[in-house]
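Enquirer: My questions will all concern the structure given below.
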Amino acid sequence: MDLPKRGADGSPLGGFSAAAYQPELDRLWLLSDAPRGHLIPWSGLSQLLNGQTTSLNPGSRLLIRDEFGHPLPEGFDGEGLVLIGNSAWIASEGRRTPDRVARLIRININTGRQQQVGQLPSSWRELSGRGLATNQGPESLTALAPAELLVAAERPVLQSKDPLLVPIARVNQGTEVRPESTLQIQLLENGAGLTEMLALPAQQKLLALVRGFQPPLTWSAQLLLFPYPSGTDSSPPLQPLHGWNLLTAGLPADNWEALAIGPKLRDGRTTMILGSDDNFNPRQSSWLAVMAPRRSEACSD
């Protein structure tokens, strides 16, 4: 479905770069990377999928605020989202300038106020010839366990000698950063990068959304399945176990960035939500797609 370009108050809607779903409330949260970072809750997704309603209803936008309750300065650029209880962890990209550094913060989902700042790996910090490149991470965020997050960049750090290795790190929800591991992704010539991850703890697997772009408007989108990261220093780079071309599967060609577990269907299948970032470009759309796995006699899980 194509989400509206404007909210009920007439202000623009778009720039959706991450998603998280609350099944108990049937509420879908979309994170916008608009200059003034915010979240928008959408209600009714389960009802829509099960034929009980015909549309999603956007709620009031929740501005992301600092610890004093002031809206964050423009340019926060939120890209990753994890909901845990009444809190939301948000990862933002940086621009290698003192006023726009890459960050990992926890906010109160009711007020938008910052409650905690998480630590990123030292090798990601913006130093001369080192660290995350401008607008290339951290891009992805998922929960490995109730007390542990997995955060990833979009592309390799500047000091990397291997252009195919995208760094990931396990981060404790306190302040501890676990030893780094690397997730190996084949970066395509058209500029593909890792835009989102989704941990599947019960299956001990990791899904990765990989998006590519070639001007003027040629997009690619793949969903890759990886084994679970061990997080030890000696761990080899993770290799994909399987992959799907999402555009061949029927998704529109656009800037797919969001990935989340969605509501269950009436037949018991768990759904997966994907969302696209329209970049506030009138030629693009804020797509919301819901996918469910096909089942065959050979598939027991």
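Order determines the names: the first chain of the structure tokens is A, the second B, and so forth; residues in each chain are numbered 1 upward, and ligands are numbered 1 upward as they are shown.
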Might you pull out every residue within 10 Å of region 137-140 of chain A, with only C-alpha atoms counted and same-chain residues fewer than 2 positions away left off, and present them as a PyMOL selection string?

Expert: chain A and resi 17-18+77-82+90-95+102-104+120+124+131-135+142+150-157+166-168+193-198+208-209+257-259

Enquirer: Do you know which residues are at most 8 Å from Pro23 (chain A) counting only C-alpha atoms, after dropping those on the same chain fewer than 3 positions away, and could you put them as a PyMOL selection string?

Expert: chain A and resi 26-27+262-263

Enquirer: Restricted to all heavy atoms, what would the selected residues look like written as an mmCIF file, in the first residue's frame?

Expert:
data_model
loop_
_atom_site.group_PDB
_atom_site.id
_atom_site.type_symbol
_atom_site.label_atom_id
_atom_site.label_comp_id
_atom_site.auth_asym_id
_atom_site.auth_seq_id
_atom_site.Cartn_x
_atom_site.Cartn_y
_atom_site.Cartn_z
ATOM 1 N N ASP A 26 -1.913 -3.540 18.350
ATOM 2 C CA ASP A 26 -2.079 -3.464 16.895
ATOM 3 C C ASP A 26 -1.611 -2.099 16.388
ATOM 4 O O ASP A 26 -2.306 -1.406 15.657
ATOM 5 C CB ASP A 26 -3.530 -3.712 16.478
ATOM 6 C CG ASP A 26 -3.665 -3.933 14.959
ATOM 7 O OD1 ASP A 26 -2.651 -4.259 14.309
ATOM 8 O OD2 ASP A 26 -4.790 -3.769 14.437
ATOM 9 N N ARG A 27 -0.381 -1.746 16.805
ATOM 10 C CA ARG A 27 0.165 -0.430 16.475
ATOM 11 C C ARG A 27 1.511 -0.591 15.772
ATOM 12 O O ARG A 27 2.404 -1.270 16.273
ATOM 13 C CB ARG A 27 0.331 0.403 17.740
ATOM 14 C CG ARG A 27 0.886 1.814 17.516
ATOM 15 C CD ARG A 27 0.998 2.532 18.844
ATOM 16 N NE ARG A 27 -0.320 2.739 19.441
ATOM 17 C CZ ARG A 27 -0.519 2.950 20.743
ATOM 18 N NH1 ARG A 27 0.507 2.946 21.587
ATOM 19 N NH2 ARG A 27 -1.741 3.138 21.209
ATOM 20 N N GLY A 262 5.498 -8.557 11.785
ATOM 21 C CA GLY A 262 4.168 -7.980 11.818
ATOM 22 C C GLY A 262 3.159 -8.865 12.523
ATOM 23 O O GLY A 262 3.513 -9.830 13.202
ATOM 24 N N PRO A 263 1.876 -8.563 12.349
ATOM 25 C CA PRO A 263 0.824 -9.340 13.010
ATOM 26 C C PRO A 263 0.657 -10.722 12.381
ATOM 27 O O PRO A 263 1.087 -10.965 11.259
ATOM 28 C CB PRO A 263 -0.429 -8.485 12.795
ATOM 29 C CG PRO A 263 -0.131 -7.685 11.569
ATOM 30 C CD PRO A 263 1.332 -7.418 11.588
#

Enquirer: Quick one: residues within 6 Å of Arg211 (chain A), only C-alpha atoms, excluding same-chain residues fewer than 4 positions away - as number ranges by chain?

Expert: A: 192-193, 220-221

Enquirer: Would you output that residue set with N, CA and C atoms, as a compact mmCIF listing (two decimals), in the first residue's frame?

Expert:
# COMPACT_ATOMS: atom_id res chain seq x y z
N ALA A 192 24.83 -0.98 -3.64
CA ALA A 192 24.01 -1.67 -2.65
C ALA A 192 24.61 -1.56 -1.27
N GLY A 193 23.75 -1.54 -0.27
CA GLY A 193 24.20 -1.47 1.11
C GLY A 193 23.19 -2.11 2.03
N SER A 220 17.29 -1.83 -6.52
CA SER A 220 17.33 -3.27 -6.30
C SER A 220 17.06 -3.51 -4.82
N ALA A 221 16.53 -4.68 -4.49
CA ALA A 221 16.23 -5.00 -3.09
C ALA A 221 16.30 -6.51 -2.90

Enquirer: So that I can see what lies close to Gln284 (chain A), please list as an NGL selection string the residues with an atom at most 9 Å from it, counting only C-alpha atoms and leaving out residues fewer than 4 positions away in the same chain.

Expert: :A and (254-255 or 277-280)

Enquirer: What is the CA of Leu183 (chain A)-CA of Leu238 (chain A) distance in Å, reported with one decimal?

Expert: 4.8 Å

Enquirer: Give the answer as one residue: which of A:Leu56, A:Leu165, A:Leu3, A:Leu144 has the shortest atom-to-atom distance to Pro237 (chain A), using only C-alpha atoms?

Expert: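 For Pro237 (chain A), the nearest of the given residues is A:Leu165.
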
Enquirer: Would you please give, as a ChimeraX atom specification, all residues of region 65-204 of chain A that DSSP assigns to strand (DSSP E or B) based on the backbone?

Expert: /A:65,71,78-84,87-92,97,100,103-108,113-117,127,130,140-145,148-152,165-172,177-184,193-200

Enquirer: If I take CA of Gly118 (chain A) and CA of Ser32 (chain A), how far is one from the other in Å, to one decimal?

Expert: 20.1 Å

Enquirer: Hey, which of A:Gly85, A:Gly7, A:Gly37, A:Gly51 ends up closest to Asp66 (chain A)? Count only C-alpha atoms.

Expert: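 The shortest atom-to-atom distance to Asp66 (chain A) comes from A:Gly37.
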
Enquirer: Would you work out the distance separating CA of Trp287 (chain A) from CA of Thr54 (chain A), expressed in Å to one decimal?

Expert: 16.1 Å

Enquirer: Point out the residue among A:Ser87, A:Gln114, A:Gln47, A:Ser235 with the least atom-to-atom distance to His70 (chain A), counting only C-alpha atoms.

Expert: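 Of the candidates, the smallest distance to His70 (chain A) is held by A:Gln114.
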
Enquirer: Quick one: everything within 12 Å of Gln203 (chain A), counting only C-alpha atoms, minus sequence neighbours fewer than 6 positions away in the same chain. Send it as a short mmCIF file (atom, residue, chain, number, x, y, z; two decimals) with all heavy atoms, in the first residue's frame.

Expert:
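What landed in around_28.cif:
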data_model
loop_
_atom_site.label_atom_id
_atom_site.label_comp_id
_atom_site.auth_asym_id
_atom_site.auth_seq_id
_atom_site.Cartn_x
_atom_site.Cartn_y
_atom_site.Cartn_z
N LEU A 144 18.73 -8.86 19.67
CA LEU A 144 19.12 -10.27 19.73
C LEU A 144 18.50 -10.95 20.94
O LEU A 144 18.19 -12.14 20.91
CB LEU A 144 20.65 -10.39 19.82
CG LEU A 144 21.45 -10.08 18.56
CD1 LEU A 144 22.93 -10.24 18.86
CD2 LEU A 144 21.04 -10.97 17.40
N LEU A 225 19.34 -14.30 4.20
CA LEU A 225 19.27 -15.05 5.46
C LEU A 225 20.67 -15.44 5.90
O LEU A 225 21.43 -16.04 5.12
CB LEU A 225 18.41 -16.30 5.27
CG LEU A 225 18.20 -17.18 6.51
CD1 LEU A 225 17.33 -16.45 7.53
CD2 LEU A 225 17.59 -18.51 6.12
N PHE A 226 21.02 -15.10 7.15
CA PHE A 226 22.34 -15.38 7.70
C PHE A 226 22.21 -16.22 8.96
O PHE A 226 21.17 -16.20 9.64
CB PHE A 226 23.06 -14.08 8.07
CG PHE A 226 23.53 -13.27 6.90
CD1 PHE A 226 22.68 -12.35 6.30
CD2 PHE A 226 24.81 -13.43 6.40
CE1 PHE A 226 23.11 -11.60 5.22
CE2 PHE A 226 25.25 -12.68 5.32
CZ PHE A 226 24.40 -11.76 4.72
N PRO A 227 23.27 -16.94 9.34
CA PRO A 227 23.28 -17.59 10.66
C PRO A 227 23.41 -16.53 11.74
O PRO A 227 23.77 -15.38 11.48
CB PRO A 227 24.53 -18.48 10.60
CG PRO A 227 25.42 -17.81 9.60
CD PRO A 227 24.50 -17.20 8.57
N TYR A 228 23.12 -16.90 12.97
CA TYR A 228 23.21 -15.98 14.10
C TYR A 228 24.66 -15.63 14.36
O TYR A 228 25.54 -16.50 14.31
CB TYR A 228 22.62 -16.63 15.34
CG TYR A 228 21.57 -15.80 16.04
CD1 TYR A 228 20.58 -15.15 15.31
CD2 TYR A 228 21.55 -15.68 17.42
CE1 TYR A 228 19.60 -14.42 15.94
CE2 TYR A 228 20.57 -14.94 18.07
CZ TYR A 228 19.60 -14.31 17.33
OH TYR A 228 18.62 -13.57 17.95
N ASP A 301 8.55 -26.06 9.72
CA ASP A 301 8.63 -24.91 10.61
C ASP A 301 8.01 -23.71 9.92
O ASP A 301 8.63 -23.14 9.02
CB ASP A 301 10.11 -24.63 10.95
CG ASP A 301 10.26 -23.54 12.00
OD1 ASP A 301 9.23 -22.95 12.37
OD2 ASP A 301 11.37 -23.29 12.43
#

Enquirer: Neighbours of Leu247 (chain A) within 10 Å (only C-alpha atoms; same-chain residues fewer than 2 positions away dropped), as a ChimeraX atom specification?

Expert: /A:219-222,244-245,249-254

Enquirer: Let's have the selection written as a PDB file, in the first residue's frame, with C-alpha atoms.

Expert:
ATOM      1  CA  TRP A 219      16.487   0.225  -7.490  1.00  0.00           C
ATOM      2  CA  SER A 220      17.327  -3.270  -6.297  1.00  0.00           C
ATOM      3  CA  ALA A 221      16.235  -5.005  -3.089  1.00  0.00           C
ATOM      4  CA  GLN A 222      17.245  -8.351  -1.634  1.00  0.00           C
ATOM      5  CA  TRP A 244      15.356 -13.575  -2.251  1.00  0.00           C
ATOM      6  CA  ASN A 245      14.990 -10.845  -4.877  1.00  0.00           C
ATOM      7  CA  ALA A 249       8.721 -11.260  -5.572  1.00  0.00           C
ATOM      8  CA  GLY A 250       6.421  -8.333  -6.377  1.00  0.00           C
ATOM      9  CA  LEU A 251       7.583  -5.309  -4.391  1.00  0.00           C
ATOM     10  CA  PRO A 252       7.670  -1.959  -6.234  1.00  0.00           C
ATOM     11  CA  ALA A 253      11.105  -0.701  -7.247  1.00  0.00           C
ATOM     12  CA  ASP A 254      11.874   1.875  -4.565  1.00  0.00           C
TER      13      ASP A 254
END

Enquirer: Using DSSP assignments from the backbone, pull out every residue in region 35-149 of chain A that falls under helix (DSSP H, G or I) and give it to me as an mmCIF file with all heavy atoms, in the first residue's frame.

Expert:
data_model
loop_
_atom_site.group_PDB
_atom_site.id
_atom_site.type_symbol
_atom_site.label_atom_id
_atom_site.label_comp_id
_atom_site.auth_asym_id
_atom_site.auth_seq_id
_atom_site.Cartn_x
_atom_site.Cartn_y
_atom_site.Cartn_z
ATOM 1 N N LEU A 45 -3.338 -2.372 11.598
ATOM 2 C CA LEU A 45 -2.722 -3.223 10.587
ATOM 3 C C LEU A 45 -3.279 -4.644 10.647
ATOM 4 O O LEU A 45 -3.595 -5.241 9.608
ATOM 5 C CB LEU A 45 -1.201 -3.245 10.767
ATOM 6 C CG LEU A 45 -0.428 -4.083 9.744
ATOM 7 C CD1 LEU A 45 -0.713 -3.609 8.324
ATOM 8 C CD2 LEU A 45 1.070 -4.041 10.028
ATOM 9 N N SER A 46 -3.396 -5.223 11.835
ATOM 10 C CA SER A 46 -3.947 -6.571 11.951
ATOM 11 C C SER A 46 -5.385 -6.615 11.445
ATOM 12 O O SER A 46 -5.786 -7.555 10.729
ATOM 13 C CB SER A 46 -3.891 -7.044 13.408
ATOM 14 O OG SER A 46 -4.458 -8.325 13.551
ATOM 15 N N GLN A 47 -6.153 -5.610 11.784
ATOM 16 C CA GLN A 47 -7.540 -5.543 11.312
ATOM 17 C C GLN A 47 -7.593 -5.434 9.792
ATOM 18 O O GLN A 47 -8.456 -6.043 9.139
ATOM 19 C CB GLN A 47 -8.245 -4.348 11.945
ATOM 20 C CG GLN A 47 -8.369 -4.428 13.461
ATOM 21 C CD GLN A 47 -9.054 -3.203 14.031
ATOM 22 O OE1 GLN A 47 -10.164 -2.855 13.640
ATOM 23 N NE2 GLN A 47 -8.384 -2.528 14.954
ATOM 24 N N LEU A 48 -6.667 -4.669 9.219
ATOM 25 C CA LEU A 48 -6.628 -4.517 7.777
ATOM 26 C C LEU A 48 -6.308 -5.846 7.090
ATOM 27 O O LEU A 48 -6.962 -6.237 6.118
ATOM 28 C CB LEU A 48 -5.584 -3.461 7.400
ATOM 29 C CG LEU A 48 -5.348 -3.212 5.910
ATOM 30 C CD1 LEU A 48 -6.596 -2.677 5.248
ATOM 31 C CD2 LEU A 48 -4.181 -2.262 5.699
ATOM 32 N N LEU A 49 -5.307 -6.561 7.605
ATOM 33 C CA LEU A 49 -4.908 -7.826 6.994
ATOM 34 C C LEU A 49 -5.985 -8.889 7.116
ATOM 35 O O LEU A 49 -6.095 -9.775 6.259
ATOM 36 C CB LEU A 49 -3.615 -8.326 7.641
ATOM 37 C CG LEU A 49 -2.365 -7.475 7.430
ATOM 38 C CD1 LEU A 49 -1.186 -8.077 8.173
ATOM 39 C CD2 LEU A 49 -2.044 -7.337 5.954
ATOM 40 N N SER A 122 34.591 1.640 18.915
ATOM 41 C CA SER A 122 35.593 2.697 18.723
ATOM 42 C C SER A 122 36.041 2.785 17.271
ATOM 43 O O SER A 122 36.375 3.871 16.785
ATOM 44 C CB SER A 122 36.800 2.440 19.635
ATOM 45 O OG SER A 122 37.380 1.168 19.363
ATOM 46 N N SER A 123 36.049 1.665 16.555
ATOM 47 C CA SER A 123 36.498 1.679 15.152
ATOM 48 C C SER A 123 35.505 2.383 14.236
ATOM 49 O O SER A 123 35.816 2.649 13.075
ATOM 50 C CB SER A 123 36.718 0.248 14.657
ATOM 51 O OG SER A 123 35.512 -0.497 14.701
ATOM 52 N N TRP A 124 34.309 2.685 14.738
ATOM 53 C CA TRP A 124 33.300 3.392 13.939
ATOM 54 C C TRP A 124 33.417 4.904 14.084
ATOM 55 O O TRP A 124 32.774 5.639 13.353
ATOM 56 C CB TRP A 124 31.896 2.968 14.364
ATOM 57 C CG TRP A 124 31.553 1.542 14.061
ATOM 58 C CD1 TRP A 124 32.406 0.526 13.753
ATOM 59 C CD2 TRP A 124 30.243 0.966 14.053
ATOM 60 N NE1 TRP A 124 31.724 -0.645 13.558
ATOM 61 C CE2 TRP A 124 30.387 -0.409 13.739
ATOM 62 C CE3 TRP A 124 28.971 1.472 14.290
ATOM 63 C CZ2 TRP A 124 29.300 -1.272 13.650
ATOM 64 C CZ3 TRP A 124 27.882 0.611 14.204
ATOM 65 C CH2 TRP A 124 28.046 -0.743 13.883
#
